[in-house]
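Engineer: So here's upload.txt, just compact mmCIF, C-alpha atoms and all ligand atoms:
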```
# COMPACT_ATOMS: atom_id res chain seq x y z
CA MET A 202 -42.66 -30.43 20.58
CA GLY A 203 -40.26 -29.65 17.70
CA ARG A 204 -40.41 -26.54 15.60
CA ILE A 205 -43.79 -25.81 14.05
CA ARG A 206 -43.40 -26.36 10.29
CA VAL A 207 -45.33 -23.66 8.43
CA GLY A 208 -46.64 -23.19 4.89
CA ILE A 209 -47.89 -19.75 3.82
CA VAL A 210 -50.71 -19.31 1.28
CA GLY A 211 -50.80 -16.04 -0.73
CA ILE A 212 -47.45 -14.28 -1.07
CA GLY A 213 -48.35 -10.60 -1.30
CA LYS A 214 -47.72 -7.46 0.76
CA ILE A 215 -48.50 -8.73 4.25
CA ALA A 216 -46.76 -12.09 3.76
CA LYS A 217 -43.57 -10.33 2.61
CA ASP A 218 -43.68 -7.37 5.05
CA GLN A 219 -44.58 -9.30 8.20
CA HIS A 220 -45.19 -13.06 8.11
CA ILE A 221 -42.02 -14.26 6.40
CA PRO A 222 -39.54 -12.16 8.45
CA VAL A 223 -41.41 -12.72 11.74
CA ILE A 224 -41.63 -16.52 11.23
CA ARG A 225 -37.94 -16.66 10.32
CA ALA A 226 -37.03 -14.70 13.46
CA ASN A 227 -39.05 -17.00 15.77
CA ALA A 228 -37.26 -20.19 16.87
CA ALA A 229 -40.59 -21.93 17.55
CA PHE A 230 -41.41 -21.90 13.82
CA GLU A 231 -39.81 -23.07 10.59
CA LEU A 232 -41.00 -21.77 7.22
CA VAL A 233 -40.88 -24.75 4.86
CA ALA A 234 -43.34 -24.07 2.01
CA CYS A 235 -45.36 -21.41 0.20
CA ALA A 236 -48.35 -21.55 -2.13
CA SER A 237 -48.94 -18.62 -4.47
CA ARG A 238 -50.10 -18.47 -8.08
CA LEU A 239 -47.30 -16.15 -9.24
CA ALA A 240 -44.92 -15.33 -6.39
CA THR A 241 -42.22 -17.59 -4.93
CA VAL A 242 -40.09 -17.38 -1.78
CA ASP A 243 -36.38 -18.20 -1.65
CA GLY A 244 -35.23 -21.14 0.44
CA VAL A 245 -38.56 -23.02 0.69
CA ALA A 246 -40.62 -25.41 -1.45
CA ASN A 247 -42.95 -23.37 -3.71
CA PHE A 248 -46.34 -24.48 -5.07
CA PRO A 249 -48.91 -22.78 -7.32
CA ASN A 250 -51.81 -23.42 -4.95
CA VAL A 251 -52.75 -24.73 -1.52
CA ASP A 252 -53.94 -28.10 -2.91
CA ALA A 253 -50.51 -28.83 -4.36
CA MET A 254 -48.73 -27.63 -1.22
CA LEU A 255 -50.83 -29.90 1.02
CA GLY A 256 -50.80 -32.87 -1.37
CA ASP A 257 -47.24 -32.89 -2.75
CA GLY A 258 -45.30 -30.66 -0.36
CA PRO A 259 -43.09 -31.27 2.65
CA GLU A 260 -44.65 -32.24 5.99
CA LEU A 261 -46.42 -29.24 7.57
CA ASP A 262 -47.88 -28.60 11.02
CA ALA A 263 -49.55 -25.26 10.25
CA VAL A 264 -50.85 -23.17 7.36
CA VAL A 265 -50.87 -19.36 7.41
CA ILE A 266 -53.47 -17.80 5.11
CA CYS A 267 -52.51 -14.41 3.65
CA THR A 268 -54.65 -14.31 0.50
CA PRO A 269 -57.42 -11.73 0.05
CA PRO A 270 -60.52 -12.60 2.12
CA GLN A 271 -62.39 -14.08 -0.86
CA ALA A 272 -59.95 -17.04 -0.83
CA HIS A 273 -59.65 -17.49 2.97
CA TYR A 274 -62.44 -20.00 3.58
CA GLU A 275 -61.45 -22.49 0.91
CA ALA A 276 -57.76 -22.43 1.88
CA ALA A 277 -58.57 -22.81 5.59
CA ARG A 278 -61.07 -25.60 4.92
CA LEU A 279 -58.48 -27.57 2.93
CA ALA A 280 -55.78 -27.03 5.56
CA LEU A 281 -58.07 -28.23 8.38
CA ARG A 282 -59.15 -31.22 6.30
CA HIS A 283 -55.46 -32.15 6.10
CA GLY A 284 -55.17 -31.83 9.90
CA LYS A 285 -53.12 -28.60 9.89
CA HIS A 286 -53.34 -25.76 12.40
CA VAL A 287 -54.52 -22.53 10.74
CA PHE A 288 -53.49 -18.89 11.18
CA LEU A 289 -56.12 -16.77 9.41
CA GLU A 290 -55.42 -13.16 8.38
CA LYS A 291 -58.15 -10.54 8.79
CA PRO A 292 -60.87 -10.06 7.56
CA PRO A 293 -61.51 -13.74 8.37
CA CYS A 294 -63.80 -14.86 5.49
CA GLU A 295 -66.41 -13.53 3.09
CA THR A 296 -69.34 -14.39 5.39
CA THR A 297 -69.80 -14.87 9.14
CA THR A 298 -71.24 -18.36 8.67
CA GLN A 299 -68.05 -19.46 6.88
CA LEU A 300 -66.10 -18.49 9.99
CA ASP A 301 -68.49 -20.39 12.28
CA GLU A 302 -68.11 -23.44 10.03
CA LEU A 303 -64.30 -23.22 10.12
CA LEU A 304 -64.33 -23.21 13.92
CA LEU A 305 -66.49 -26.36 13.94
CA GLN A 306 -64.12 -28.00 11.45
CA ALA A 307 -61.11 -27.07 13.60
CA GLN A 308 -62.76 -28.57 16.69
CA ARG A 309 -63.62 -31.78 14.83
CA ALA A 310 -60.06 -32.04 13.47
CA ASN A 311 -58.53 -31.25 16.90
CA CYS A 312 -56.59 -28.42 15.23
CA THR A 313 -55.96 -24.82 16.26
CA LEU A 314 -57.84 -22.09 14.39
CA PHE A 315 -56.26 -18.72 15.18
CA GLN A 316 -58.46 -16.06 13.59
CA THR A 317 -56.36 -12.95 14.00
CA TRP A 318 -56.96 -9.24 14.50
CA HIS A 319 -53.45 -7.79 14.27
CA ALA A 320 -54.58 -4.30 15.37
CA GLN A 321 -55.68 -5.73 18.74
CA HIS A 322 -51.95 -6.40 19.33
CA ALA A 323 -50.91 -2.77 18.75
CA ALA A 324 -48.77 -1.25 21.50
CA ALA A 325 -51.36 0.81 23.41
CA VAL A 326 -54.50 -1.33 23.02
CA ASP A 327 -54.14 -3.44 26.19
CA THR A 328 -53.44 -0.31 28.28
CA THR A 329 -56.51 1.40 26.82
CA GLN A 330 -58.67 -1.63 27.62
CA VAL A 331 -57.48 -1.67 31.24
CA TRP A 332 -57.97 2.11 31.54
CA LEU A 333 -61.55 1.96 30.24
CA ARG A 334 -62.64 -1.10 32.25
CA PRO A 335 -63.98 0.83 35.31
CA CYS A 336 -65.22 3.83 33.27
CA ALA A 337 -68.65 4.90 32.08
CA VAL A 338 -68.22 5.80 28.40
CA ARG A 339 -70.10 8.98 27.40
CA ASN A 340 -69.30 9.10 23.69
CA GLY A 341 -66.61 8.30 21.15
CA ARG A 342 -65.29 9.08 17.69
CA ILE A 343 -63.35 6.96 15.22
CA ILE A 344 -61.55 8.57 12.28
CA TRP A 345 -59.94 6.03 9.94
CA LYS A 346 -58.89 7.78 6.74
CA GLU A 347 -56.15 6.90 4.27
CA ASP A 348 -55.30 7.14 0.60
CA VAL A 349 -56.21 3.83 -1.03
CA ARG A 350 -53.85 4.55 -3.93
CA GLN A 351 -50.92 4.78 -1.52
CA TRP A 352 -51.80 1.94 0.88
CA HIS A 353 -53.47 -0.59 -1.43
CA PRO A 354 -51.95 -0.07 -4.89
CA GLY A 355 -53.08 -2.60 -7.49
CA GLN A 356 -55.30 -4.54 -5.05
CA ALA A 357 -58.27 -5.03 -7.38
CA TRP A 358 -59.75 -7.64 -5.00
CA ILE A 359 -60.54 -4.92 -2.45
CA TRP A 360 -63.18 -3.47 -4.81
CA GLU A 361 -64.79 -6.79 -5.68
CA ALA A 362 -67.68 -8.45 -3.81
CA GLY A 363 -66.32 -9.86 -0.56
CA GLY A 364 -63.33 -7.51 -0.67
CA PHE A 365 -64.62 -5.20 2.11
CA GLY A 366 -63.55 -1.93 0.39
CA VAL A 367 -62.83 0.72 3.04
CA PHE A 368 -63.62 -1.88 5.72
CA ASP A 369 -60.43 -3.78 4.85
CA PRO A 370 -58.58 -1.23 7.03
CA GLY A 371 -61.78 -0.10 8.80
CA ILE A 372 -62.26 -3.51 10.42
CA ASN A 373 -58.95 -2.89 12.21
CA ALA A 374 -60.49 0.10 14.00
CA ILE A 375 -63.58 -1.94 14.82
CA SER A 376 -61.42 -4.79 16.20
CA ILE A 377 -59.74 -2.27 18.52
CA LEU A 378 -63.12 -0.81 19.53
CA THR A 379 -64.60 -4.19 20.51
CA LYS A 380 -61.47 -4.99 22.52
CA ILE A 381 -61.22 -1.74 24.49
CA MET A 382 -64.89 -1.04 25.22
CA PRO A 383 -66.10 -2.14 28.65
CA GLU A 384 -69.54 -3.11 27.28
CA PRO A 385 -71.02 -4.50 24.04
CA VAL A 386 -71.24 -2.26 20.96
CA PHE A 387 -73.97 -2.36 18.31
CA VAL A 388 -74.47 -0.74 14.91
CA LYS A 389 -77.21 1.90 14.95
CA ALA A 390 -76.97 3.37 11.42
CA ALA A 391 -74.59 3.61 8.48
CA ASP A 392 -74.19 5.48 5.20
CA LEU A 393 -72.07 3.65 2.62
CA SER A 394 -70.59 5.22 -0.54
CA PHE A 395 -70.02 2.81 -3.42
CA PRO A 396 -68.07 3.96 -6.51
CA ALA A 397 -70.22 3.40 -9.61
CA ASN A 398 -67.75 0.79 -10.93
CA CYS A 399 -67.08 -1.10 -7.65
CA SER A 400 -68.84 -3.72 -5.51
CA ALA A 401 -67.36 -2.50 -2.21
CA PRO A 402 -67.58 0.88 -0.45
CA ILE A 403 -64.94 3.60 -0.71
CA ALA A 404 -66.23 5.47 2.36
CA ALA A 405 -68.70 5.03 5.21
CA ASP A 406 -70.13 6.98 8.13
CA VAL A 407 -71.28 4.69 10.92
CA THR A 408 -73.02 5.28 14.24
CA PHE A 409 -72.37 2.69 16.91
CA VAL A 410 -74.10 2.63 20.31
CA THR A 411 -73.01 0.86 23.47
CA ALA A 412 -75.36 -1.31 25.54
CA SER A 413 -75.88 1.62 27.92
CA GLY A 414 -76.60 4.06 25.09
CA ALA A 415 -73.31 5.94 24.52
CA LYS A 416 -72.90 7.02 20.89
CA ILE A 417 -69.73 6.37 18.93
CA ASP A 418 -69.49 8.02 15.52
CA ALA A 419 -67.09 6.64 12.95
CA ALA A 420 -65.82 8.01 9.63
CA PHE A 421 -64.00 5.63 7.27
CA ASP A 422 -62.60 7.07 4.06
CA PHE A 423 -60.28 5.72 1.35
CA ARG A 424 -60.19 9.07 -0.53
CA TYR A 425 -58.02 10.88 2.00
CA ALA A 426 -54.89 12.14 0.28
CA GLY A 427 -53.27 13.70 3.36
CA ILE A 428 -51.31 12.08 6.17
CA PRO A 429 -53.45 9.11 7.19
CA THR A 430 -55.54 9.41 10.34
CA TRP A 431 -56.13 6.25 12.39
CA ASP A 432 -57.54 7.64 15.65
CA ILE A 433 -60.08 6.64 18.28
CA ASP A 434 -61.25 9.21 20.86
CA ILE A 435 -63.31 8.18 23.88
CA GLU A 436 -64.85 10.50 26.49
CA THR A 437 -65.70 8.90 29.84
CA ASP A 438 -67.19 10.16 33.10
CA HIS A 439 -63.77 11.40 34.22
CA SER A 440 -61.31 11.34 31.31
CA GLU A 441 -60.69 11.92 27.61
CA LEU A 442 -58.75 9.19 25.83
CA HIS A 443 -56.95 9.76 22.53
CA LEU A 444 -55.73 6.50 20.93
CA THR A 445 -53.68 7.27 17.81
CA GLY A 446 -51.49 5.61 15.16
CA GLN A 447 -53.68 2.50 14.74
CA GLY A 448 -53.71 1.76 18.46
CA ASN A 449 -50.02 2.45 19.05
CA ALA A 450 -50.13 5.54 21.31
CA LEU A 451 -52.52 6.54 24.10
CA ALA A 452 -52.94 9.95 25.72
CA VAL A 453 -55.33 10.47 28.65
CA ASN A 454 -56.44 14.02 29.46
CA GLY A 455 -53.67 15.26 27.16
CA LYS A 456 -50.89 13.24 28.85
CA GLN A 457 -49.10 10.46 26.92
CA ILE A 458 -49.36 7.26 28.98
CA ALA A 459 -48.54 4.44 26.53
CA ALA A 460 -46.64 4.16 23.28
CA GLY A 461 -44.77 1.59 21.13
CA THR A 462 -43.07 -1.45 22.66
CA THR A 463 -40.26 -3.60 21.30
CA GLU A 464 -42.65 -6.45 20.39
CA THR A 465 -44.41 -5.85 17.08
CA GLU A 466 -48.01 -6.87 16.39
CA TYR A 467 -46.93 -9.89 14.33
CA THR A 468 -44.30 -11.02 16.86
CA SER A 469 -47.11 -11.02 19.43
CA LEU A 470 -49.45 -12.87 17.05
CA TYR A 471 -46.93 -15.68 16.43
CA ARG A 472 -46.20 -16.01 20.16
CA ARG A 473 -49.94 -16.48 20.69
CA PHE A 474 -50.21 -18.95 17.77
CA ALA A 475 -47.49 -21.14 19.31
CA GLU A 476 -49.28 -21.03 22.71
CA LEU A 477 -52.61 -22.00 21.13
CA ILE A 478 -51.06 -24.95 19.28
CA ASP A 479 -49.37 -26.08 22.49
CA GLN A 480 -52.69 -25.85 24.39
CA HIS A 481 -54.73 -27.52 21.57
CA ALA A 482 -56.97 -24.44 21.63
CA SER A 483 -58.54 -22.07 19.08
CA ASP A 484 -59.01 -18.32 19.27
CA VAL A 485 -61.88 -16.82 17.30
CA ASP A 486 -63.35 -13.38 18.05
CA ARG A 487 -66.20 -12.81 15.62
CA ARG A 488 -67.46 -9.47 17.06
CA PRO A 489 -65.58 -7.10 14.66
CA PHE A 490 -66.63 -9.21 11.68
CA GLN A 491 -70.27 -9.33 12.86
CA LEU A 492 -70.31 -5.53 13.25
CA VAL A 493 -69.08 -5.06 9.67
CA ALA A 494 -71.75 -7.51 8.48
CA ASP A 495 -74.34 -5.50 10.44
CA ILE A 496 -73.10 -2.26 8.82
CA PHE A 497 -73.74 -3.82 5.41
CA LEU A 498 -77.20 -4.99 6.62
CA VAL A 499 -78.49 -1.64 7.90
CA GLY A 500 -76.40 0.75 5.81
CA ARG A 501 -78.01 3.15 3.36
CA ARG A 502 -76.13 2.99 0.07
CA SER A 503 -75.31 5.79 -2.32
CA THR A 504 -73.40 5.70 -5.58
CA VAL A 505 -70.42 8.03 -5.97
CA GLU A 506 -68.02 8.73 -8.82
CA PRO A 507 -66.19 5.71 -10.29
CA PHE A 508 -62.83 4.79 -8.78
CA GLU A 509 -59.87 4.86 -11.19
CA GLU A 510 -56.50 3.84 -9.79
P1 LIG B 1 -51.93 -8.60 -1.65
O1 LIG B 1 -50.69 -7.76 -1.60
O2 LIG B 1 -52.89 -8.40 -2.77
O3 LIG B 1 -51.45 -10.10 -1.56
C1 LIG B 1 -52.33 -11.20 -1.54
C2 LIG B 1 -51.73 -12.30 -2.39
O4 LIG B 1 -52.65 -13.42 -2.37
C3 LIG B 1 -51.59 -11.91 -3.84
O5 LIG B 1 -50.30 -11.35 -4.07
C4 LIG B 1 -51.81 -13.20 -4.60
O6 LIG B 1 -50.55 -13.80 -4.89
C5 LIG B 1 -52.55 -14.11 -3.61
N1 LIG B 1 -53.91 -14.44 -4.04
C6 LIG B 1 -54.48 -15.66 -3.91
N2 LIG B 1 -55.75 -15.65 -4.32
C7 LIG B 1 -55.98 -14.41 -4.78
C8 LIG B 1 -57.12 -13.78 -5.33
N3 LIG B 1 -58.28 -14.46 -5.52
N4 LIG B 1 -57.02 -12.49 -5.67
C9 LIG B 1 -55.86 -11.81 -5.50
N5 LIG B 1 -54.75 -12.36 -4.94
C10 LIG B 1 -54.82 -13.65 -4.59
O7 LIG B 1 -52.78 -8.39 -0.29
P2 LIG B 1 -52.22 -8.12 1.18
O8 LIG B 1 -52.15 -6.67 1.44
O9 LIG B 1 -51.02 -8.96 1.42
O10 LIG B 1 -53.47 -8.64 2.03
C11 LIG B 1 -53.79 -10.01 2.12
C12 LIG B 1 -54.64 -10.23 3.36
O11 LIG B 1 -53.91 -9.78 4.50
C13 LIG B 1 -55.95 -9.45 3.34
O12 LIG B 1 -56.95 -10.22 3.95
C14 LIG B 1 -55.62 -8.19 4.13
O13 LIG B 1 -56.74 -7.60 4.75
C15 LIG B 1 -54.67 -8.76 5.18
N6 LIG B 1 -53.75 -7.77 5.76
C16 LIG B 1 -53.05 -6.89 4.98
C17 LIG B 1 -52.22 -5.94 5.58
C18 LIG B 1 -51.41 -4.95 4.78
O14 LIG B 1 -50.81 -4.04 5.39
N7 LIG B 1 -51.30 -5.08 3.48
C19 LIG B 1 -52.10 -5.89 6.96
C20 LIG B 1 -52.76 -6.84 7.72
C21 LIG B 1 -53.58 -7.76 7.10
P3 LIG B 1 -50.46 -14.72 -6.22
O15 LIG B 1 -50.96 -13.88 -7.37
O16 LIG B 1 -49.01 -15.08 -6.33
O17 LIG B 1 -51.36 -15.91 -5.93
```
Give the structure from this file in structure tokens form.
Ligand code: NAP
Structural biologist:
Amino acid sequence: MGRIRVGIVGIGKIAKDQHIPVIRANAAFELVACASRLATVDGVANFPNVDAMLGDGPELDAVVICTPPQAHYEAARLALRHGKHVFLEKPPCETTTQLDELLLQAQRANCTLFQTWHAQHAAAVDTTQVWLRPCAVRNGRIIWKEDVRQWHPGQAWIWEAGGFGVFDPGINAISILTKIMPEPVFVKAADLSFPANCSAPIAADVTFVTASGAKIDAAFDFRYAGIPTWDIDIETDHSELHLTGQGNALAVNGKQIAAGTTETEYTSLYRRFAELIDQHASDVDRRPFQLVADIFLVGRRSTVEPFEE
């Protein structure tokens, strides 16, 4: 197979920071087109929307979707209808049924749907999963706190319906949790804080339980002005695990046992995308998305002061 010709939809922060440089550094891929309403990318064919890119653009093998989640389903649906492989940024869609439908469409079109969780590719996540596999988990704690003004400046979509609010980063923690835990995790209870002027939560306290009854408390907060905290602590029958830096460093019983590697999350994601295309396979893991949907189902809601950027 020749190089995989890629078009990116939605040229914003993640497309510029990760996708464009990582695609250009990977010999298996060739970036040939972009579709964005305002932004353009040097050296490729630029289009104002995905329709124009698919209809009038150069030949493509794959479409990478980097818009906010509210626009994911429609862009992915169009790409699959045109017979293109799809790389879907997180969170996958607005609703879980949209994701199920996309997988069916990919299977019918004999195309790859790679629904990604970049945090699952962080440096210490695989090691943590292997470490926990034989363990009985007693309890756990997730703290995922950051300053939304610093990390998501100007992203009005995050506060709109379908924008996920604090679960835009929070779903990263949940994607790590579902990957590392040796048994299924469920949502037991949640308290969601919605700013009076927003349709998505700014903070949430969630209680998860495992199938065997271990409790995992989680605190997600966008109002945290200090150094961000992206930590997961797990206590087992014989060890205490401390996974820090968004899954990039693991200490067990106080001793550092895994930390950053040379391969970044997005380098790993594109290696996997090429493998999936080669194998005519899809990769969809809906558990983190389902847990966030469940949090919205059972969560008690309170209104807090309006959010002003
Ligand atoms: P962003 O900076 O706001 O960029 C998204 C781009 O999509 C916008 O610049 C906009 O470009 C385009 N767009 C198309 N439809 C849009 C709509 N209805 N509303 C707003 N913009 C629209 O967002 P981002 O941080 O890159 O995040 C995009 C996706 O990647 C999200 O699903 C996010 O969760 C995920 N992600 C982000 C990060 C991160 O660190 N930022 C990390 C991993 C994953 P035009 O105006 O030119 O169309």
Engineer: Ligand LIG 1 (chain B): which residues are within 8 Å, counting all atoms listed in the file, as a PyMOL selection string?
Structural biologist: chain A and resi 210-218+236-241+249-250+266-273+290-293+319+352-353+355-358+369-370
Engineer: Might you pull out every residue within 6 Å of Ser483 in chain A, with all atoms listed in the file counted and same-chain residues fewer than 6 positions away left off, and present them as a ChimeraX atom specification?
Structural biologist: /A:313-315
Engineer: If we count all atoms listed in the file and set the cut-off at 8 Å, which residues sit around range 382-392 of chain A, ignoring sequence neighbours fewer than 2 positions away in its own chain? Please answer as a list in words.
Structural biologist: Gln330, Leu333, Arg334, Pro335, Cys336, Leu378, Thr379, Lys380, Ser394, Ala405, Asp406, Val407, Thr408, Phe409, Val410, Thr411, Ala412, Ser413, Leu492, Asp495, Ile496, Val499, Gly500, Arg501, Arg502 and Ser503 of chain A
Engineer: Find the residues around Ile428 in chain A up to 9 Å (all atoms listed in the file counted), leave out those fewer than 2 positions away in its own chain, and share them as number ranges by chain.
Structural biologist: A: 346-348, 425-426, 430
Engineer: Please measure the separation of CA of Phe474 in chain A and CA of Phe288 in chain A, giving the value in Å to one decimal.
Structural biologist: 7.4 Å
Engineer: What gap, in Å, lies between CA of Ala226 in chain A and CA of Val207 in chain A?
Structural biologist: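 Here the two named atoms are 13.2 Å from each other.
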Engineer: Find the spatial neighbours of range 450-466 of chain A, counting only C-alpha atoms, within a cut-off of 10 Å - ignore same-chain residues fewer than 5 positions away - and output them as an MDAnalysis selection string.
Structural biologist: chainID A and resid 219 223 318:329 332 432:436 439:445 471
Engineer: Dump C-alpha atoms for the selected residues as a CSV table (one decimal), in the coordinates of the input?
Structural biologist:
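Once written, selection_26.csv looks like this:
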```
chain,number,residue,atom,x,y,z
A,219,GLN,CA,-44.6,-9.3,8.2
A,223,VAL,CA,-41.4,-12.7,11.7
A,318,TRP,CA,-57.0,-9.2,14.5
A,319,HIS,CA,-53.4,-7.8,14.3
A,320,ALA,CA,-54.6,-4.3,15.4
A,321,GLN,CA,-55.7,-5.7,18.7
A,322,HIS,CA,-52.0,-6.4,19.3
A,323,ALA,CA,-50.9,-2.8,18.8
A,324,ALA,CA,-48.8,-1.2,21.5
A,325,ALA,CA,-51.4,0.8,23.4
A,326,VAL,CA,-54.5,-1.3,23.0
A,327,ASP,CA,-54.1,-3.4,26.2
A,328,THR,CA,-53.4,-0.3,28.3
A,329,THR,CA,-56.5,1.4,26.8
A,332,TRP,CA,-58.0,2.1,31.5
A,432,ASP,CA,-57.5,7.6,15.6
A,433,ILE,CA,-60.1,6.6,18.3
A,434,ASP,CA,-61.2,9.2,20.9
A,435,ILE,CA,-63.3,8.2,23.9
A,436,GLU,CA,-64.8,10.5,26.5
A,439,HIS,CA,-63.8,11.4,34.2
A,440,SER,CA,-61.3,11.3,31.3
A,441,GLU,CA,-60.7,11.9,27.6
A,442,LEU,CA,-58.8,9.2,25.8
A,443,HIS,CA,-57.0,9.8,22.5
A,444,LEU,CA,-55.7,6.5,20.9
A,445,THR,CA,-53.7,7.3,17.8
A,471,TYR,CA,-46.9,-15.7,16.4
```
Engineer: May I ask which of the residues A:Phe365, A:Trp345, A:Tyr467, A:Trp360 is the closest one to Ala397 in chain A, counting only C-alpha atoms?
Structural biologist: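 The closest residue to Ala397 in chain A is A:Trp360.
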Engineer: Between A:Phe368, A:Thr317, A:His481, A:Asp418, which has the minimum distance to Lys285 in chain A (counting only C-alpha atoms)?
Structural biologist: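 Among A:Phe368, A:Thr317, A:His481, A:Asp418, it is A:His481 that comes nearest to Lys285 in chain A.
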Engineer: Please determine, counting all atoms listed in the file, which residue among A:Asp301, A:Gln316, A:Cys235, A:Phe248 has the shortest atom-to-atom distance to Arg473 in chain A.
Structural biologist: A:Gln316
